[in-house]
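J.: Below is the file data-v2.cif, with mmCIF, C-alpha atoms.
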```
data_final
loop_
_atom_site.label_atom_id
_atom_site.label_comp_id
_atom_site.auth_asym_id
_atom_site.auth_seq_id
_atom_site.Cartn_x
_atom_site.Cartn_y
_atom_site.Cartn_z
CA MET A 1 100.69 117.39 119.85
CA ALA A 2 100.19 113.66 119.48
CA LEU A 3 96.84 111.99 119.92
CA PRO A 4 96.53 110.04 123.20
CA THR A 5 97.90 106.65 122.16
CA GLY A 6 96.27 104.53 124.87
CA LYS A 7 92.84 106.06 124.26
CA VAL A 8 92.95 105.59 120.48
CA ILE A 9 94.12 101.99 120.71
CA GLY A 10 91.59 101.50 123.51
CA ILE A 11 88.71 102.49 121.23
CA MET A 12 89.87 100.05 118.57
CA ALA A 13 90.33 97.32 121.19
CA ASP A 14 86.88 97.93 122.68
CA ASN A 15 85.37 97.74 119.20
CA LEU A 16 87.06 94.45 118.40
CA ARG A 17 86.03 93.03 121.77
CA LYS A 18 82.43 94.21 121.58
CA ARG A 19 81.71 94.57 117.86
CA LYS A 20 84.24 92.14 116.31
CA ASN A 21 85.92 94.86 114.26
CA VAL A 22 88.14 97.89 114.90
CA ILE A 23 85.57 100.03 113.10
CA PRO A 24 82.10 98.48 113.23
CA LEU A 25 80.82 97.42 109.83
CA SER A 26 77.40 96.02 109.01
CA ALA A 27 77.04 92.64 107.33
CA LYS A 28 75.39 94.42 104.41
CA LYS A 29 78.38 96.70 103.83
CA SER A 30 80.84 93.84 104.38
CA THR A 31 79.30 91.67 101.69
CA ALA A 32 77.91 94.24 99.22
CA TRP A 33 80.88 93.77 96.88
CA ALA A 34 79.83 90.18 96.14
CA GLU A 35 76.25 90.98 95.14
CA GLY A 36 75.37 89.42 91.81
CA LEU A 37 78.58 87.40 91.52
CA ASN A 38 76.82 84.22 92.63
CA LEU A 39 79.81 83.02 94.61
CA PRO A 40 79.03 79.73 96.33
CA ARG A 41 78.76 79.88 100.11
CA GLY A 42 81.79 78.26 101.76
CA GLY A 43 83.69 75.38 100.18
CA GLU A 44 87.20 74.00 100.58
CA THR A 45 88.71 77.08 98.93
CA VAL A 46 87.31 80.53 99.71
CA ILE A 47 88.24 84.11 98.94
CA TYR A 48 89.03 85.86 102.25
CA THR A 49 88.92 89.66 102.19
CA GLY A 50 89.48 90.16 105.91
CA LEU A 51 87.14 93.16 105.44
CA LEU A 52 90.09 95.49 104.86
CA TYR A 53 88.88 96.94 101.56
CA GLN A 54 85.37 97.25 103.04
CA LEU A 55 86.83 99.14 106.01
CA MET A 56 88.70 101.62 103.85
CA PRO A 57 85.82 104.13 103.44
CA GLY A 58 85.54 104.26 107.24
CA ILE A 59 89.29 104.40 107.69
CA THR A 60 89.67 107.26 105.22
CA GLY A 61 86.91 109.23 106.94
CA LEU A 62 88.32 108.61 110.41
CA ALA A 63 91.86 109.38 109.29
CA ALA A 64 90.73 112.84 108.20
CA LYS A 65 89.00 113.39 111.55
CA MET A 66 92.01 112.19 113.54
CA ALA A 67 94.32 114.45 111.55
CA SER A 68 92.10 117.42 112.45
CA TYR A 69 92.10 116.41 116.13
CA GLU A 70 95.86 115.99 116.32
CA ASN A 71 96.57 119.63 117.04
CA SER A 72 93.25 120.70 118.52
CA PHE A 73 91.58 120.55 121.92
CA MET A 74 89.55 117.61 120.59
CA ARG A 75 92.40 115.27 121.40
CA HIS A 76 91.69 115.88 125.09
CA LEU A 77 88.19 114.46 124.60
CA MET A 78 89.38 111.06 123.39
CA GLY A 79 88.97 109.62 126.90
CA MET A 80 85.32 110.64 126.94
CA GLY A 81 85.02 109.30 123.42
CA ARG A 82 86.33 105.94 124.53
CA LEU A 83 83.89 105.84 127.45
CA ALA A 84 80.94 106.70 125.19
CA ASN A 85 82.10 104.14 122.63
CA LYS A 86 81.64 101.37 125.16
CA PHE A 87 77.89 101.99 124.92
CA ILE A 88 77.34 103.39 121.44
CA ASN A 89 79.27 103.11 118.20
CA VAL A 90 80.96 106.52 118.15
CA ALA A 91 82.36 106.01 114.65
CA ALA A 92 78.80 106.14 113.31
CA PHE A 93 78.57 109.77 114.43
CA MET A 94 81.86 110.86 112.94
CA GLY A 95 80.60 111.16 109.40
CA GLY A 96 80.61 108.27 106.99
CA ALA A 97 82.08 108.17 103.51
CA LYS A 98 80.01 108.99 100.44
CA PRO A 99 78.33 106.06 98.63
CA ALA A 100 80.76 106.51 95.71
CA VAL A 101 83.69 105.70 98.01
CA TYR A 102 82.08 102.43 99.11
CA LYS A 103 81.34 101.63 95.49
CA GLU A 104 84.96 102.25 94.53
CA TYR A 105 86.36 99.83 97.12
CA ASN A 106 83.68 97.25 96.35
CA ARG A 107 84.63 97.47 92.69
CA ILE A 108 88.21 96.50 93.57
CA LEU A 109 87.08 93.33 95.35
CA ARG A 110 84.65 92.48 92.55
CA ASN A 111 87.43 92.79 90.02
CA ILE A 112 89.77 90.58 92.04
CA ALA A 113 87.06 87.91 92.21
CA CYS A 114 86.21 88.29 88.51
CA LEU A 115 89.83 87.99 87.44
CA LEU A 116 90.28 84.86 89.53
CA GLN A 117 87.16 83.40 87.90
CA LYS A 118 88.36 84.41 84.47
CA SER A 119 91.62 82.59 85.23
CA GLY A 120 89.72 79.39 85.98
CA VAL A 121 90.05 79.48 89.79
CA GLU A 122 87.10 78.01 91.69
CA PHE A 123 86.33 79.42 95.11
CA GLY A 124 83.52 80.23 97.50
CA TYR A 125 82.91 83.02 99.98
CA LEU A 126 81.89 83.07 103.63
CA TYR A 127 79.69 86.17 103.25
CA GLU A 128 78.60 87.61 106.63
CA GLN A 129 80.58 84.97 108.51
CA GLU A 130 83.86 86.49 107.38
CA LEU A 131 85.64 88.48 110.11
CA TYR A 132 88.34 91.15 110.30
CA THR A 133 91.67 89.59 111.27
CA GLY A 134 92.68 92.11 113.96
CA ALA A 135 95.79 93.24 112.03
CA LEU A 136 95.73 96.77 113.41
CA LEU A 137 95.63 95.54 116.99
CA HIS A 138 98.34 93.01 116.29
CA ASP A 139 100.57 95.85 115.10
CA ASN A 140 99.77 97.81 118.21
CA GLY A 141 100.53 94.95 120.56
CA VAL A 142 97.06 94.02 121.86
CA GLU A 143 97.84 90.35 121.57
CA HIS A 144 95.22 88.86 123.88
CA LEU A 145 92.44 90.24 121.66
CA VAL A 146 94.21 89.12 118.49
CA LYS A 147 94.36 85.60 119.89
CA LYS A 148 90.62 85.66 120.57
CA GLN A 149 89.90 86.94 117.06
CA ALA A 150 92.17 84.29 115.56
CA ARG A 151 90.23 81.62 117.45
CA ARG A 152 86.90 83.02 116.24
CA ILE A 153 88.10 83.00 112.64
CA TRP A 154 89.60 79.52 112.86
CA ASP A 155 86.32 78.21 114.29
CA VAL A 156 84.39 79.73 111.37
CA LEU A 157 86.81 78.30 108.82
CA GLN A 158 86.69 74.85 110.37
CA ALA A 159 82.90 74.89 110.66
CA ASN A 160 82.74 75.60 106.92
CA GLY A 161 85.29 72.93 106.01
CA VAL A 162 87.68 75.53 104.54
CA LYS A 163 91.15 74.17 103.73
CA GLU A 164 92.54 77.03 101.63
CA VAL A 165 91.95 80.76 101.41
CA ILE A 166 92.79 83.28 98.72
CA THR A 167 93.45 86.64 100.32
CA THR A 168 93.00 90.06 98.76
CA ASP A 169 95.49 92.26 100.65
CA PRO A 170 98.90 91.90 102.32
CA HIS A 171 97.78 92.49 105.91
CA THR A 172 95.14 89.78 105.80
CA THR A 173 97.64 87.47 104.12
CA ASN A 174 100.16 88.05 106.89
CA MET A 175 97.68 87.51 109.69
CA LEU A 176 96.22 84.32 108.26
CA ARG A 177 99.51 82.88 107.01
CA SER A 178 102.15 83.94 109.54
CA VAL A 179 100.49 85.24 112.72
CA PHE A 180 97.65 82.80 113.35
CA PRO A 181 99.85 79.65 113.21
CA GLU A 182 101.79 81.12 116.14
CA VAL A 183 98.72 81.52 118.31
CA ILE A 184 96.54 78.53 117.34
CA GLU A 185 97.68 74.99 117.86
CA GLY A 186 96.97 72.70 114.92
CA TYR A 187 96.29 75.60 112.53
CA ASP A 188 97.03 74.26 109.05
CA LEU A 189 95.22 76.61 106.67
CA LYS A 190 96.75 77.06 103.23
CA VAL A 191 96.92 80.79 102.51
CA ARG A 192 97.78 82.44 99.23
CA SER A 193 97.40 86.00 98.06
CA TYR A 194 95.36 86.47 94.88
CA LEU A 195 98.54 87.81 93.26
CA GLU A 196 100.35 84.55 94.02
CA VAL A 197 97.44 82.62 92.52
CA LEU A 198 97.26 84.84 89.43
CA ALA A 199 101.02 84.60 88.89
CA GLU A 200 100.44 80.89 88.29
CA VAL A 201 97.18 80.83 86.40
CA ALA A 202 96.33 84.21 84.84
CA PRO A 203 95.99 84.06 81.05
CA GLU A 204 97.63 86.55 78.72
CA ALA A 205 95.86 89.90 78.71
CA THR A 206 93.05 90.54 76.26
CA ASN A 207 93.90 94.24 76.17
CA PRO A 208 97.68 94.48 76.89
CA LEU A 209 98.53 97.63 78.83
CA ASN A 210 101.59 98.63 76.81
CA LYS A 211 102.64 101.20 79.39
CA GLU A 212 105.23 101.76 82.09
CA LEU A 213 104.15 101.40 85.71
CA VAL A 214 106.33 102.33 88.68
CA ILE A 215 105.88 99.64 91.29
CA HIS A 216 105.49 100.28 95.02
CA ASP A 217 105.98 97.07 97.01
CA SER A 218 104.04 96.67 100.23
CA CYS A 219 106.34 96.16 103.26
CA MET A 220 104.03 93.42 104.40
CA TYR A 221 104.19 91.51 101.13
CA ALA A 222 107.89 92.09 100.48
CA ARG A 223 109.50 91.75 103.89
CA TYR A 224 106.99 89.71 105.89
CA GLU A 225 105.56 87.39 103.22
CA ASP A 226 108.21 87.33 100.50
CA VAL A 227 105.67 88.22 97.81
CA ILE A 228 107.90 90.17 95.43
CA ASP A 229 108.12 88.39 92.07
CA GLU A 230 104.43 87.57 91.77
CA PRO A 231 103.05 91.11 91.29
CA ARG A 232 105.74 91.70 88.66
CA GLN A 233 104.84 88.47 86.87
CA VAL A 234 101.16 89.39 86.88
CA LEU A 235 101.87 92.89 85.55
CA ALA A 236 104.12 91.44 82.86
CA LYS A 237 101.30 89.11 81.75
CA ALA A 238 99.05 92.17 81.63
CA GLY A 239 101.46 93.76 79.19
CA ALA A 240 102.94 96.40 81.50
CA LYS A 241 106.60 97.35 81.71
CA VAL A 242 107.43 97.43 85.40
CA VAL A 243 109.73 100.28 86.45
CA GLU A 244 111.69 99.68 89.64
CA PRO A 245 112.28 102.65 91.94
CA ASP A 246 115.51 102.89 93.96
CA TYR A 247 113.82 101.35 96.97
CA ALA A 248 112.00 98.27 95.71
CA GLY A 249 111.41 94.61 96.57
CA LYS A 250 113.00 93.64 99.89
CA LEU A 251 114.22 97.21 100.27
CA THR A 252 110.88 98.87 99.62
CA TRP A 253 110.15 102.11 101.48
CA CYS A 254 107.10 102.25 103.76
CA CYS A 255 104.06 104.36 102.74
CA GLY A 256 103.63 105.68 106.30
CA GLY A 257 100.14 104.15 106.59
CA PRO A 258 100.79 101.96 109.64
CA VAL A 259 100.88 104.96 111.99
CA GLU A 260 98.08 106.95 110.32
CA SER A 261 95.63 106.33 113.18
CA LEU A 262 98.02 107.46 115.94
CA PHE A 263 100.35 109.99 114.31
CA PRO A 264 98.71 111.41 111.16
CA SER A 265 101.36 114.12 110.62
CA LYS A 266 104.28 111.69 110.81
CA SER A 267 102.45 109.28 108.53
CA LYS A 268 101.88 111.95 105.87
CA LYS A 269 105.53 112.98 105.94
CA VAL A 270 106.68 109.42 105.19
CA ALA A 271 104.08 109.13 102.42
CA GLU A 272 105.26 112.38 100.81
CA GLU A 273 108.85 111.16 100.87
CA ARG A 274 107.83 107.86 99.30
CA VAL A 275 105.80 109.50 96.53
CA SER A 276 108.77 111.74 95.71
CA GLN A 277 110.98 108.65 95.35
CA LEU A 278 108.43 106.89 93.14
CA ALA A 279 107.63 109.92 90.99
CA GLU A 280 111.28 110.24 90.00
CA ASN A 281 110.69 107.15 87.88
CA GLY A 282 107.33 107.98 86.32
CA ARG A 283 103.89 109.40 87.01
CA GLN A 284 101.90 106.15 86.82
CA ILE A 285 102.41 104.28 90.09
CA THR A 286 100.91 100.97 91.10
CA ALA A 287 100.53 99.64 94.65
CA MET A 288 99.04 96.42 95.99
CA CYS A 289 97.69 97.28 99.43
CA PRO A 290 94.64 99.45 100.18
CA ILE A 291 96.48 101.26 102.98
CA CYS A 292 99.46 102.03 100.73
CA VAL A 293 97.13 103.27 97.98
CA PHE A 294 95.27 105.56 100.38
CA SER A 295 98.42 107.03 101.99
CA LEU A 296 100.31 107.50 98.73
CA ARG A 297 97.32 108.87 96.82
CA GLU A 298 96.72 111.52 99.46
CA ALA A 299 100.38 112.59 99.20
CA ALA A 300 100.32 112.47 95.38
CA GLU A 301 97.25 114.71 95.18
CA LYS A 302 99.14 117.44 97.04
CA ARG A 303 101.84 117.48 94.35
CA ASP A 304 99.45 118.47 91.57
CA ASP A 305 101.91 117.26 88.92
CA GLY A 306 99.91 114.42 87.40
CA THR A 307 101.31 111.69 89.66
CA GLU A 308 98.68 108.97 89.92
CA ILE A 309 98.50 106.08 92.37
CA HIS A 310 96.35 103.10 91.48
CA ASP A 311 95.66 99.75 93.03
CA ILE A 312 97.28 97.01 90.95
CA ILE A 313 93.84 95.53 90.26
CA ASP A 314 92.82 98.74 88.48
CA HIS A 315 95.53 98.11 85.90
CA LEU A 316 94.70 94.42 85.68
CA SER A 317 91.03 95.27 85.16
CA GLU A 318 92.01 97.39 82.18
CA ALA A 319 94.18 94.60 80.77
CA TYR A 320 91.50 91.96 81.20
CA CYS A 321 88.50 94.16 80.36
CA LEU A 322 86.80 93.68 83.74
CA ASP A 323 85.67 96.79 85.60
CA LYS A 324 82.25 95.54 86.57
CA MET B 13 118.72 109.02 138.46
CA TYR B 14 116.64 106.11 137.21
CA LYS B 15 115.85 102.96 139.09
CA ILE B 16 116.71 99.60 137.56
CA ASP B 17 113.63 97.41 137.68
CA ALA B 18 114.34 93.68 137.82
CA ASP B 19 110.66 92.79 137.33
CA PHE B 20 110.64 94.77 134.09
CA VAL B 21 113.70 92.90 132.84
CA GLU B 22 112.03 89.63 133.71
CA ALA B 23 108.72 90.58 132.07
CA VAL B 24 110.16 91.90 128.82
CA SER B 25 113.80 91.13 128.27
CA HIS B 26 113.56 87.51 129.40
CA SER B 27 110.41 86.73 127.44
CA ASP B 28 110.55 84.60 124.29
CA GLU B 29 109.16 87.46 122.20
CA PHE B 30 111.95 89.90 123.01
CA ASN B 31 115.56 89.42 121.97
CA ALA B 32 118.06 92.20 121.60
CA ASN B 33 121.12 90.52 123.07
CA ALA B 34 122.70 90.10 119.66
CA CYS B 35 122.55 93.85 118.93
CA MET B 36 126.08 95.15 118.31
CA HIS B 37 125.10 98.83 118.25
CA CYS B 38 126.24 99.39 114.69
CA GLY B 39 123.44 101.90 114.00
CA ASN B 40 122.39 100.47 110.63
CA CYS B 41 118.81 100.31 111.89
CA THR B 42 118.73 103.98 112.72
CA ALA B 43 120.36 104.98 109.45
CA SER B 44 117.80 103.08 107.36
CA CYS B 45 114.62 104.01 109.27
CA PRO B 46 112.02 105.64 106.94
CA MET B 47 110.48 107.35 109.95
CA GLY B 48 113.85 108.77 110.95
CA LEU B 49 113.51 107.44 114.49
CA GLU B 50 116.81 108.10 116.18
CA LEU B 51 116.13 106.31 119.42
CA LEU B 52 115.00 103.01 118.01
CA PRO B 53 116.14 100.41 118.40
CA ARG B 54 119.61 100.17 119.80
CA LYS B 55 119.32 102.70 122.62
CA LEU B 56 115.77 101.71 123.43
CA PHE B 57 116.58 98.02 123.59
CA ARG B 58 119.52 98.77 125.86
CA TYR B 59 117.10 100.46 128.27
CA VAL B 60 115.12 97.24 128.28
CA VAL B 61 118.09 94.95 128.75
CA VAL B 62 119.37 96.91 131.73
CA GLY B 63 115.91 97.39 133.25
CA LEU B 64 115.33 101.13 132.83
CA GLU B 65 111.55 100.89 132.59
CA LYS B 66 111.00 104.60 133.16
CA MET B 67 113.18 105.49 130.17
CA VAL B 68 111.22 103.05 128.03
CA VAL B 69 107.86 104.46 129.08
CA GLU B 70 109.04 108.05 128.60
CA ASN B 71 109.72 107.09 124.99
CA ALA B 72 106.28 105.59 124.37
CA GLU B 73 105.61 107.97 121.47
CA THR B 74 108.70 106.71 119.68
CA ILE B 75 107.74 103.11 120.36
CA TYR B 76 104.28 103.61 118.85
CA SER B 77 105.68 105.67 115.95
CA CYS B 78 107.61 102.70 114.59
CA LEU B 79 106.11 101.65 111.24
CA LEU B 80 107.02 97.97 111.82
CA CYS B 81 108.10 98.04 108.19
CA LYS B 82 111.23 95.97 108.93
CA MET B 83 113.52 98.09 106.78
CA CYS B 84 115.88 98.10 109.78
CA GLU B 85 115.87 94.31 109.92
CA GLU B 86 117.02 94.15 106.31
CA SER B 87 120.19 95.99 107.26
CA CYS B 88 120.75 94.43 110.68
CA PRO B 89 123.92 92.29 110.62
CA ALA B 90 122.90 90.52 113.84
CA ASP B 91 119.41 89.47 112.70
CA VAL B 92 117.70 91.12 115.64
CA HIS B 93 113.91 90.83 115.34
CA ILE B 94 113.41 94.54 115.81
CA ALA B 95 109.73 94.78 114.83
CA GLY B 96 108.84 91.87 117.12
CA ASN B 97 110.69 93.55 119.98
CA VAL B 98 108.80 96.80 119.40
CA LYS B 99 105.50 94.92 119.44
CA LYS B 100 106.48 93.27 122.73
CA LEU B 101 107.15 96.70 124.24
CA ARG B 102 103.80 97.97 122.99
CA ASN B 103 102.15 94.94 124.53
CA TYR B 104 103.85 95.64 127.87
CA ILE B 105 102.82 99.32 127.88
CA ASN B 106 99.28 98.49 126.75
CA THR B 107 98.84 96.02 129.59
CA LYS B 108 100.55 97.86 132.43
CA TYR B 109 99.91 101.52 131.63
CA TYR B 110 96.94 101.71 129.25
CA LYS B 111 95.11 98.82 130.95
CA LEU B 112 93.98 97.38 127.63
#
```
Would you give me this structure, written as C-alpha cells?
T.:
Amino acid sequence: MALPTGKVIGIMADNLRKRKNVIPLSAKKSTAWAEGLNLPRGGETVIYTGLLYQLMPGITGLAAKMASYENSFMRHLMGMGRLANKFINVAAFMGGAKPAVYKEYNRILRNIACLLQKSGVEFGYLYEQELYTGALLHDNGVEHLVKKQARRIWDVLQANGVKEVITTDPHTTNMLRSVFPEVIEGYDLKVRSYLEVLAEVAPEATNPLNKELVIHDSCMYARYEDVIDEPRQVLAKAGAKVVEPDYAGKLTWCCGGPVESLFPSKSKKVAEERVSQLAENGRQITAMCPICVFSLREAAEKRDDGTEIHDIIDHLSEAYCLDK
Amino acid sequence: MYKIDADFVEAVSHSDEFNANACMHCGNCTASCPMGLELLPRKLFRYVVVGLEKMVVENAETIYSCLLCKMCEESCPADVHIAGNVKKLRNYINTKYYKL
C-alpha cells in the first residue's frame, strides 16, 4: 500500500514554510563541510550547494523509515505525524544518521571546493545564509512555496552582491538556472555547475586514473540542463576511459530517486533495473548526483557482485590527490 | 458515468502551464517510460482535455509516481511538455484536494 501522498508532501511543505527546508538542518550541519577551507564570505562568485549533499544523511535515514512504513499500519499515522510536525520537528525523532555518514557527504563538498581551487577558480561561500532551493516541492507541484523560497534566495544573493554561482549538484543547478528565472522578474544570475567550470579550467590529473568507468547521466543534467559533454571531458582529463551504457546522455535512464519519498518500492525497482543496465558494461560506475548515487548504490549492494557506485568527485579526488 | 467539469478544464487545460493539445496518441511516451506507467500521459491528458476531473483524481497515485525524468519527451514527436503537464496536475490536486 502506498504512503499517503498528501500527508507526506504536506510534511515537507510545512517544513519549508516553517523551517526553510524540507528536512530541518542546523546551520552548523549545513556549513560543517567548509570548516578550515577559509572560503571568503560572499563575493561576486560563490559556490552554492543548495544544501542537497548536507541533506543526504537525513534523506537516507528517512528513506529507510518510509520504506518500512509503506506496507505497515504506520502509514495510517502520517496524518498525526503531520499535525505534530507543525509544532515540533518530527524528523529529529526518527533517528539521525551516524556521524560517519555526515562526514562522507561533507568530504564530497570539500573535494569539489578543493578541486575548483586547485583549478584556479576564485569563489566565496554564503555559509549559514545559503538556503535549500525547494527542488523536491517543485517536483511535487507545490509552486506557491517554491516561489516564496526563490524570492528568499534571490534576496540573499542580491544582498551579498552575488552575480554568479557555481553549483554542486544537478537539482540545485536546475532550480537556480531554469526554474527561478520563470518565477522572479529581473532574475539574471549566472549559474554553472562545477562540472561545467572544471571542463573549462581543470588541469591534467596528477595521478591519472587509467581505468574504465561506466557513466550514469543524471536526468536533470542531461535532459533539463544539457550537461552531457562536460562530465565526460572532466573524466577524460582525469585519465579515465568513459564507458557508455546503452541508455546514456539525452537517453539516460532514471535512477528512480525522484519518487523515493512517496513510493519507495517503485523507486527501488527502477534503481535495480538501472544498475543492471549499467553493470552490463562494467563494475565501476560513476554518477554525478547525490540522489542518483544513493538510489543506485542501494540497488548495487543487493547484487553482491562487486558493482560499485561512486560520486564522480570520488574519482576526481583520486586523480587530483585531494580527499581531505 | 462521469461528469464533465468545465471549471476543471478551465483551471488546468486552459492554463499556460498545461498543453496536451498536440498529443497525437502515438504511445511513444508509454513505451519509453522507465517507471512503466501505462496511463501516462496520453490517456491521462485526454481526461484533462475533456474535463473528466474524477478520472484524473482517481489516478493520483500514477500522477505522483511519474519520475519527471523526461525520457518520454525525448521520444515525443509532438514536443508535448509532459513533465510540466504532470507538475500542473500535481499542483491542482495539492491545492484542491490536499489543501497544501
J.: Within 12 Å of range 102-116 of chain A, which residues of range 20-45 of chain A show up? Give each one with its shortest atom-to-atom distance in Å (one decimal) and the two atoms involved, counting only C-alpha atoms, rows by chain then rising residue number, as a tab-separated table.
T.:
```
residue	atom	partner	partner_atom	distance
A:Leu25	CA	A:Tyr102	CA	11.9
A:Lys28	CA	A:Tyr102	CA	11.7
A:Lys29	CA	A:Tyr102	CA	8.3
A:Ser30	CA	A:Asn106	CA	9.2
A:Thr31	CA	A:Asn106	CA	8.9
A:Ala32	CA	A:Asn106	CA	7.1
A:Trp33	CA	A:Asn106	CA	4.5
A:Ala34	CA	A:Arg110	CA	6.4
A:Glu35	CA	A:Arg110	CA	8.9
A:Gly36	CA	A:Arg110	CA	9.8
A:Leu37	CA	A:Arg110	CA	8.0
A:Asn38	CA	A:Ala113	CA	10.9
A:Leu39	CA	A:Ala113	CA	9.1
```
J.: Just to be explicit: take each residue in the selection above, keep C-alpha atoms, and write the result as a PDB file, in the frame of the given file.
T.:
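Saved the output as again24.pdb:
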```pdb
ATOM      1  CA  LEU A  25      80.820  97.420 109.830  1.00  0.00           C
ATOM      2  CA  LYS A  28      75.390  94.420 104.410  1.00  0.00           C
ATOM      3  CA  LYS A  29      78.380  96.700 103.830  1.00  0.00           C
ATOM      4  CA  SER A  30      80.840  93.840 104.380  1.00  0.00           C
ATOM      5  CA  THR A  31      79.300  91.670 101.690  1.00  0.00           C
ATOM      6  CA  ALA A  32      77.910  94.240  99.220  1.00  0.00           C
ATOM      7  CA  TRP A  33      80.880  93.770  96.880  1.00  0.00           C
ATOM      8  CA  ALA A  34      79.830  90.180  96.140  1.00  0.00           C
ATOM      9  CA  GLU A  35      76.250  90.980  95.140  1.00  0.00           C
ATOM     10  CA  GLY A  36      75.370  89.420  91.810  1.00  0.00           C
ATOM     11  CA  LEU A  37      78.580  87.400  91.520  1.00  0.00           C
ATOM     12  CA  ASN A  38      76.820  84.220  92.630  1.00  0.00           C
ATOM     13  CA  LEU A  39      79.810  83.020  94.610  1.00  0.00           C
TER      14      LEU A  39
END
```
J.: My list of candidates is A:Ala150, A:Val259, A:Leu195, A:Ile291. Which is closest to Thr133 in chain A when distances are computed with all atoms listed in the file?
T.: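 Nearest candidate to Thr133 in chain A out of A:Ala150, A:Val259, A:Leu195, A:Ile291: A:Ala150.
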J.: Using only C-alpha atoms, find each residue of chain B with at least one atom at most 6 Å away from an atom of chain A; report its shortest atom-to-atom pair and that distance in Å (one decimal), sort the rows by chain and rising residue number, and return the result as CSV.
T.:
```
residue,atom,partner,partner_atom,distance
B:Leu79,CA,A:Pro258,CA,5.6
B:Cys81,CA,A:Cys219,CA,5.6
B:Lys99,CA,A:Gly141,CA,5.1
B:Arg102,CA,A:Gly141,CA,5.1
B:Asn103,CA,A:Gly141,CA,4.3
B:Tyr110,CA,A:Gly6,CA,5.3
```
J.: Spell out the residues picked by the PyMOL selection byres ((chain B and resi 31) around 7) here, as a PyMOL selection string.
T.: chain B and resi 25+29-30+32-33+92-93+97
J.: Please provide the set of residues having any atom within 7 Å of Glu212 in chain A, restricted to only C-alpha atoms, with same-chain residues fewer than 6 positions apart removed, written as a ChimeraX atom specification.
T.: /A:240-243
J.: Suppose we keep C-alpha atoms; can you now write the selection as a PDB file, in the coordinates of the input?
T.:
```
ATOM      1  CA  ALA A 240     102.940  96.400  81.500  1.00  0.00           C
ATOM      2  CA  LYS A 241     106.600  97.350  81.710  1.00  0.00           C
ATOM      3  CA  VAL A 242     107.430  97.430  85.400  1.00  0.00           C
ATOM      4  CA  VAL A 243     109.730 100.280  86.450  1.00  0.00           C
TER       5      VAL A 243
END
```
J.: May I have the protein, DNA and RNA residues with any atom at most 12 Å from the point (110.2, 89.5, 130.4), counting all atoms listed in the file, written as a PDB file with C-alpha atoms, in the coordinates of the input?
T.:
```pdb
ATOM      1  CA  ASP B  17     113.630  97.410 137.680  1.00  0.00           C
ATOM      2  CA  ALA B  18     114.340  93.680 137.820  1.00  0.00           C
ATOM      3  CA  ASP B  19     110.660  92.790 137.330  1.00  0.00           C
ATOM      4  CA  PHE B  20     110.640  94.770 134.090  1.00  0.00           C
ATOM      5  CA  VAL B  21     113.700  92.900 132.840  1.00  0.00           C
ATOM      6  CA  GLU B  22     112.030  89.630 133.710  1.00  0.00           C
ATOM      7  CA  ALA B  23     108.720  90.580 132.070  1.00  0.00           C
ATOM      8  CA  VAL B  24     110.160  91.900 128.820  1.00  0.00           C
ATOM      9  CA  SER B  25     113.800  91.130 128.270  1.00  0.00           C
ATOM     10  CA  HIS B  26     113.560  87.510 129.400  1.00  0.00           C
ATOM     11  CA  SER B  27     110.410  86.730 127.440  1.00  0.00           C
ATOM     12  CA  ASP B  28     110.550  84.600 124.290  1.00  0.00           C
ATOM     13  CA  GLU B  29     109.160  87.460 122.200  1.00  0.00           C
ATOM     14  CA  PHE B  30     111.950  89.900 123.010  1.00  0.00           C
ATOM     15  CA  ASN B  31     115.560  89.420 121.970  1.00  0.00           C
ATOM     16  CA  VAL B  60     115.120  97.240 128.280  1.00  0.00           C
ATOM     17  CA  VAL B  61     118.090  94.950 128.750  1.00  0.00           C
ATOM     18  CA  VAL B  62     119.370  96.910 131.730  1.00  0.00           C
ATOM     19  CA  GLY B  63     115.910  97.390 133.250  1.00  0.00           C
ATOM     20  CA  GLU B  65     111.550 100.890 132.590  1.00  0.00           C
ATOM     21  CA  ASN B  97     110.690  93.550 119.980  1.00  0.00           C
ATOM     22  CA  LYS B 100     106.480  93.270 122.730  1.00  0.00           C
ATOM     23  CA  LEU B 101     107.150  96.700 124.240  1.00  0.00           C
ATOM     24  CA  ASN B 103     102.150  94.940 124.530  1.00  0.00           C
ATOM     25  CA  TYR B 104     103.850  95.640 127.870  1.00  0.00           C
TER      26      TYR B 104
END
```
J.: Considering only C-alpha atoms, return as an mmCIF file with C-alpha atoms, in the coordinates of the input whatever protein or nucleic-acid residues lie within 8 Å of Ala95 in chain B, sequence-local ones (same chain, fewer than 6 positions apart) excluded.
T.:
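Result file follows (selection31.cif):
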```cif
data_model
loop_
_atom_site.group_PDB
_atom_site.id
_atom_site.type_symbol
_atom_site.label_atom_id
_atom_site.label_comp_id
_atom_site.auth_asym_id
_atom_site.auth_seq_id
_atom_site.Cartn_x
_atom_site.Cartn_y
_atom_site.Cartn_z
ATOM 1 C CA LEU B 80 107.020 97.970 111.820
ATOM 2 C CA CYS B 81 108.100 98.040 108.190
ATOM 3 C CA LYS B 82 111.230 95.970 108.930
ATOM 4 C CA GLU B 85 115.870 94.310 109.920
#
```
J.: Can you list, as number ranges by chain, every protein, DNA or RNA residue that comes within 8 Å of range 156-172 of chain A when you count all atoms listed in the file, leaving out same-chain residues fewer than 3 positions away?
T.: A: 42-50, 52, 109, 112, 129-130, 133, 135, 152-153, 175-176, 188-194, 197, 218, 220-221, 288-290
J.: Residues within 8 Å of Ser87 in chain B, please, as a VMD selection string. Count all atoms listed in the file; anything in the same chain fewer than 4 positions from it doesn't count.
T.: chain B and resid 40 to 41 44 83
J.: If we count all atoms listed in the file and set the cut-off at 12 Å, which residues sit around His37 in chain B, ignoring sequence neighbours fewer than 6 positions away in its own chain? Please answer as a PyMOL selection string.
T.: chain B and resi 43+51-58+88-90+92
J.: How far is it from CA of Ser265 in chain A to CA of Asp311 in chain A, in Å with one decimal?
T.: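 If I compute the distance from CA of Ser265 in chain A to CA of Asp311 in chain A, I get 23.4 Å.
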J.: One number please: CA of Ala319 in chain A to CA of Val101 in chain A, in Å, one decimal.
T.: 23.0 Å
J.: Find the distance between CA of Ile184 in chain A and CA of Tyr132 in chain A and write it in Å to one decimal.
T.: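 Going from CA of Ile184 in chain A over to CA of Tyr132 in chain A, I get 16.6 Å.
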J.: Find the residue from B:Leu64, B:Ala34, B:Tyr59, B:Cys45 that sits nearest to Ile16 in chain B; use all atoms listed in the file when measuring.
T.: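 Answer, going by the shortest atom-to-atom distance: B:Leu64.
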